[in-house]
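As structure tokens, the structure follows; a few thoughts come after it.
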There are 2 protein chains.
Amino acid sequence: MTLSPIFEPPYYAVIFTSLRHEGDHGYGAMAEEMEKLGSAQPGYLGIDSARSEVGITVSYWQNLADIHAWKAQLEHQQAQRLGKEQWYASYTVRVAKVEYNYEFGR
Amino acid sequence: MTLSPIFEPPYYAVIFTSLRHEGDHGYGAMAEEMEKLGSAQPGYLGIDSARSEVGITVSYWQNLADIHAWKAQLEHQQAQRLGKEQWYASYTVRVAKVEYNYEFGR
């Protein structure tokens with residue numbers, strides 16, 4: 001397991017936090033598929049993900065247009081619909097421009 | 001367990017990702033203390049936190065000056081030093097300006 005590297009700002013972070021319903025209901029397979037598809041999108045830089053009671057996924061992107069293109073991608077649209085219908089009790093999405101970053105021990 | 005609410009942009013997110021060494025070594029108690037102290041700082045808006053293999057904590061702040069004041073706070077400085085010496089194998093910090101946000105099911 002590794003952390004995403006930092007990048008030269010400015011770039012963008014999409015901060016996705018969620019609370020899931022009990023049970024998998026196809027979530028794990030879809031999450032894996034979306035991570036594969038997302039990482040192949042133009043402008044994708046990296047991702048960090050953790051889940052305990054709350055799930056947090058932060059993906060990093062070159063610019064806003066790349067984020068909008070991924071949000072509109074067909075399979076991702078279907079996954080977003082299933083997410084609302086089946087997997088997530090609640091979620092938040094924040095799109096933020098990284099102004100500076102630093103790291104330790106990488 | 002709840003998610004932090006979203007806020008009226010612009011505001012700031014501090015995205016902290018980490019890989020820990022094995023064992024607690026006082027980490028849990030310190031993390032709890034820092035969450036208490038941080039949430040009492042001027043400009044603090046909220047926090048989301050999750051840990052599986054990777055740990056991700058995202059805290060939300062009114063502006064950059066509030067973030068810098070918390071980074072410079074005395075007990076927090078001591079915690080940061082212990083973090084490098086004892087708890088974290090590696091970490092990244094990204095400071096990002098939230099441009100827009102939305103939510104589902106909250």
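To be explicit about the labels: the chains of the structure tokens are called A, B, and onward in the order shown, and within each one the residues are counted from 1, while ligands get numbers from 1 in the order they are shown.
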Identify every residue of chain A that has at least one atom within 6 Å of any atom of chain B, counting only C-alpha atoms, and report the result as an MDAnalysis selection string.
chainID A and resid 50:52 54 90:106
If you run DSSP on this backbone, which residues of chain B come out as alpha helix (DSSP H), and could you give them as a PyMOL selection string?
chain B and resi 27-39+64-72+74-82
Could those residues be written to a file, using N, CA and C atoms, as a PDB file, in the first residue's frame?
```
ATOM      1  N   TYR B  27      -0.444   7.194  19.969  1.00  0.00           N
ATOM      2  CA  TYR B  27      -1.054   7.894  18.833  1.00  0.00           C
ATOM      3  C   TYR B  27      -2.544   8.194  19.052  1.00  0.00           C
ATOM      4  N   GLY B  28      -3.302   7.185  19.502  1.00  0.00           N
ATOM      5  CA  GLY B  28      -4.759   7.329  19.614  1.00  0.00           C
ATOM      6  C   GLY B  28      -5.158   8.472  20.529  1.00  0.00           C
ATOM      7  N   ALA B  29      -4.503   8.520  21.691  1.00  0.00           N
ATOM      8  CA  ALA B  29      -4.803   9.579  22.662  1.00  0.00           C
ATOM      9  C   ALA B  29      -4.444  10.948  22.093  1.00  0.00           C
ATOM     10  N   MET B  30      -3.294  11.015  21.412  1.00  0.00           N
ATOM     11  CA  MET B  30      -2.876  12.301  20.836  1.00  0.00           C
ATOM     12  C   MET B  30      -3.810  12.728  19.707  1.00  0.00           C
ATOM     13  N   ALA B  31      -4.226  11.784  18.873  1.00  0.00           N
ATOM     14  CA  ALA B  31      -5.122  12.119  17.760  1.00  0.00           C
ATOM     15  C   ALA B  31      -6.426  12.705  18.299  1.00  0.00           C
ATOM     16  N   GLU B  32      -6.925  12.091  19.380  1.00  0.00           N
ATOM     17  CA  GLU B  32      -8.166  12.568  20.001  1.00  0.00           C
ATOM     18  C   GLU B  32      -7.982  13.987  20.564  1.00  0.00           C
ATOM     19  N   GLU B  33      -6.844  14.190  21.226  1.00  0.00           N
ATOM     20  CA  GLU B  33      -6.543  15.502  21.798  1.00  0.00           C
ATOM     21  C   GLU B  33      -6.415  16.567  20.694  1.00  0.00           C
ATOM     22  N   MET B  34      -5.757  16.200  19.595  1.00  0.00           N
ATOM     23  CA  MET B  34      -5.572  17.173  18.500  1.00  0.00           C
ATOM     24  C   MET B  34      -6.907  17.483  17.825  1.00  0.00           C
ATOM     25  N   GLU B  35      -7.790  16.490  17.736  1.00  0.00           N
ATOM     26  CA  GLU B  35      -9.099  16.749  17.143  1.00  0.00           C
ATOM     27  C   GLU B  35      -9.888  17.719  18.017  1.00  0.00           C
ATOM     28  N   LYS B  36      -9.730  17.568  19.336  1.00  0.00           N
ATOM     29  CA  LYS B  36     -10.427  18.470  20.260  1.00  0.00           C
ATOM     30  C   LYS B  36      -9.859  19.889  20.159  1.00  0.00           C
ATOM     31  N   LEU B  37      -8.530  19.995  20.191  1.00  0.00           N
ATOM     32  CA  LEU B  37      -7.893  21.323  20.116  1.00  0.00           C
ATOM     33  C   LEU B  37      -8.143  21.980  18.764  1.00  0.00           C
ATOM     34  N   GLY B  38      -8.013  21.205  17.689  1.00  0.00           N
ATOM     35  CA  GLY B  38      -8.201  21.757  16.341  1.00  0.00           C
ATOM     36  C   GLY B  38      -9.595  22.324  16.143  1.00  0.00           C
ATOM     37  N   SER B  39     -10.574  21.593  16.673  1.00  0.00           N
ATOM     38  CA  SER B  39     -11.963  22.020  16.461  1.00  0.00           C
ATOM     39  C   SER B  39     -12.308  23.283  17.251  1.00  0.00           C
ATOM     40  N   LEU B  64      -6.812  30.501   4.681  1.00  0.00           N
ATOM     41  CA  LEU B  64      -5.432  30.029   4.838  1.00  0.00           C
ATOM     42  C   LEU B  64      -4.815  30.457   6.157  1.00  0.00           C
ATOM     43  N   ALA B  65      -5.134  31.661   6.618  1.00  0.00           N
ATOM     44  CA  ALA B  65      -4.549  32.152   7.873  1.00  0.00           C
ATOM     45  C   ALA B  65      -4.950  31.244   9.040  1.00  0.00           C
ATOM     46  N   ASP B  66      -6.174  30.752   9.022  1.00  0.00           N
ATOM     47  CA  ASP B  66      -6.627  29.830  10.074  1.00  0.00           C
ATOM     48  C   ASP B  66      -5.817  28.531  10.044  1.00  0.00           C
ATOM     49  N   ILE B  67      -5.524  28.045   8.850  1.00  0.00           N
ATOM     50  CA  ILE B  67      -4.740  26.817   8.687  1.00  0.00           C
ATOM     51  C   ILE B  67      -3.323  27.024   9.205  1.00  0.00           C
ATOM     52  N   HIS B  68      -2.739  28.173   8.876  1.00  0.00           N
ATOM     53  CA  HIS B  68      -1.372  28.446   9.315  1.00  0.00           C
ATOM     54  C   HIS B  68      -1.315  28.610  10.835  1.00  0.00           C
ATOM     55  N   ALA B  69      -2.348  29.230  11.407  1.00  0.00           N
ATOM     56  CA  ALA B  69      -2.375  29.398  12.870  1.00  0.00           C
ATOM     57  C   ALA B  69      -2.460  28.038  13.573  1.00  0.00           C
ATOM     58  N   TRP B  70      -3.241  27.128  13.034  1.00  0.00           N
ATOM     59  CA  TRP B  70      -3.352  25.786  13.633  1.00  0.00           C
ATOM     60  C   TRP B  70      -2.049  25.018  13.467  1.00  0.00           C
ATOM     61  N   LYS B  71      -1.417  25.145  12.329  1.00  0.00           N
ATOM     62  CA  LYS B  71      -0.128  24.461  12.136  1.00  0.00           C
ATOM     63  C   LYS B  71       0.916  24.945  13.133  1.00  0.00           C
ATOM     64  N   ALA B  72       0.835  26.231  13.504  1.00  0.00           N
ATOM     65  CA  ALA B  72       1.825  26.825  14.409  1.00  0.00           C
ATOM     66  C   ALA B  72       1.448  26.687  15.880  1.00  0.00           C
ATOM     67  N   LEU B  74       1.065  25.504  19.599  1.00  0.00           N
ATOM     68  CA  LEU B  74       2.155  24.856  20.337  1.00  0.00           C
ATOM     69  C   LEU B  74       1.987  23.343  20.510  1.00  0.00           C
ATOM     70  N   GLU B  75       0.844  22.912  21.075  1.00  0.00           N
ATOM     71  CA  GLU B  75       0.640  21.473  21.258  1.00  0.00           C
ATOM     72  C   GLU B  75       0.619  20.738  19.918  1.00  0.00           C
ATOM     73  N   HIS B  76       0.090  21.390  18.910  1.00  0.00           N
ATOM     74  CA  HIS B  76       0.050  20.772  17.580  1.00  0.00           C
ATOM     75  C   HIS B  76       1.462  20.615  17.013  1.00  0.00           C
ATOM     76  N   GLN B  77       2.327  21.592  17.265  1.00  0.00           N
ATOM     77  CA  GLN B  77       3.731  21.490  16.840  1.00  0.00           C
ATOM     78  C   GLN B  77       4.401  20.275  17.494  1.00  0.00           C
ATOM     79  N   GLN B  78       4.122  20.083  18.788  1.00  0.00           N
ATOM     80  CA  GLN B  78       4.703  18.929  19.489  1.00  0.00           C
ATOM     81  C   GLN B  78       4.174  17.625  18.894  1.00  0.00           C
ATOM     82  N   ALA B  79       2.877  17.603  18.579  1.00  0.00           N
ATOM     83  CA  ALA B  79       2.278  16.410  17.969  1.00  0.00           C
ATOM     84  C   ALA B  79       2.893  16.146  16.588  1.00  0.00           C
ATOM     85  N   GLN B  80       3.138  17.204  15.835  1.00  0.00           N
ATOM     86  CA  GLN B  80       3.750  17.029  14.511  1.00  0.00           C
ATOM     87  C   GLN B  80       5.154  16.437  14.629  1.00  0.00           C
ATOM     88  N   ARG B  81       5.895  16.881  15.638  1.00  0.00           N
ATOM     89  CA  ARG B  81       7.248  16.351  15.845  1.00  0.00           C
ATOM     90  C   ARG B  81       7.195  14.867  16.221  1.00  0.00           C
ATOM     91  N   LEU B  82       6.294  14.524  17.146  1.00  0.00           N
ATOM     92  CA  LEU B  82       6.138  13.113  17.526  1.00  0.00           C
ATOM     93  C   LEU B  82       5.658  12.278  16.344  1.00  0.00           C
TER      94      LEU B  82
END
```
Looking only at the backbone, which of the residues in chain A does DSSP tag as strand (DSSP E), as a ChimeraX atom specification?
/A:11-20,44-51,55-61,88-104
Quick one, how far is atom CA of A:Gln86 from atom CA of A:His21?
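Answer for the atom CA of A:Gln86 to atom CA of A:His21 separation: 7.6 Å.
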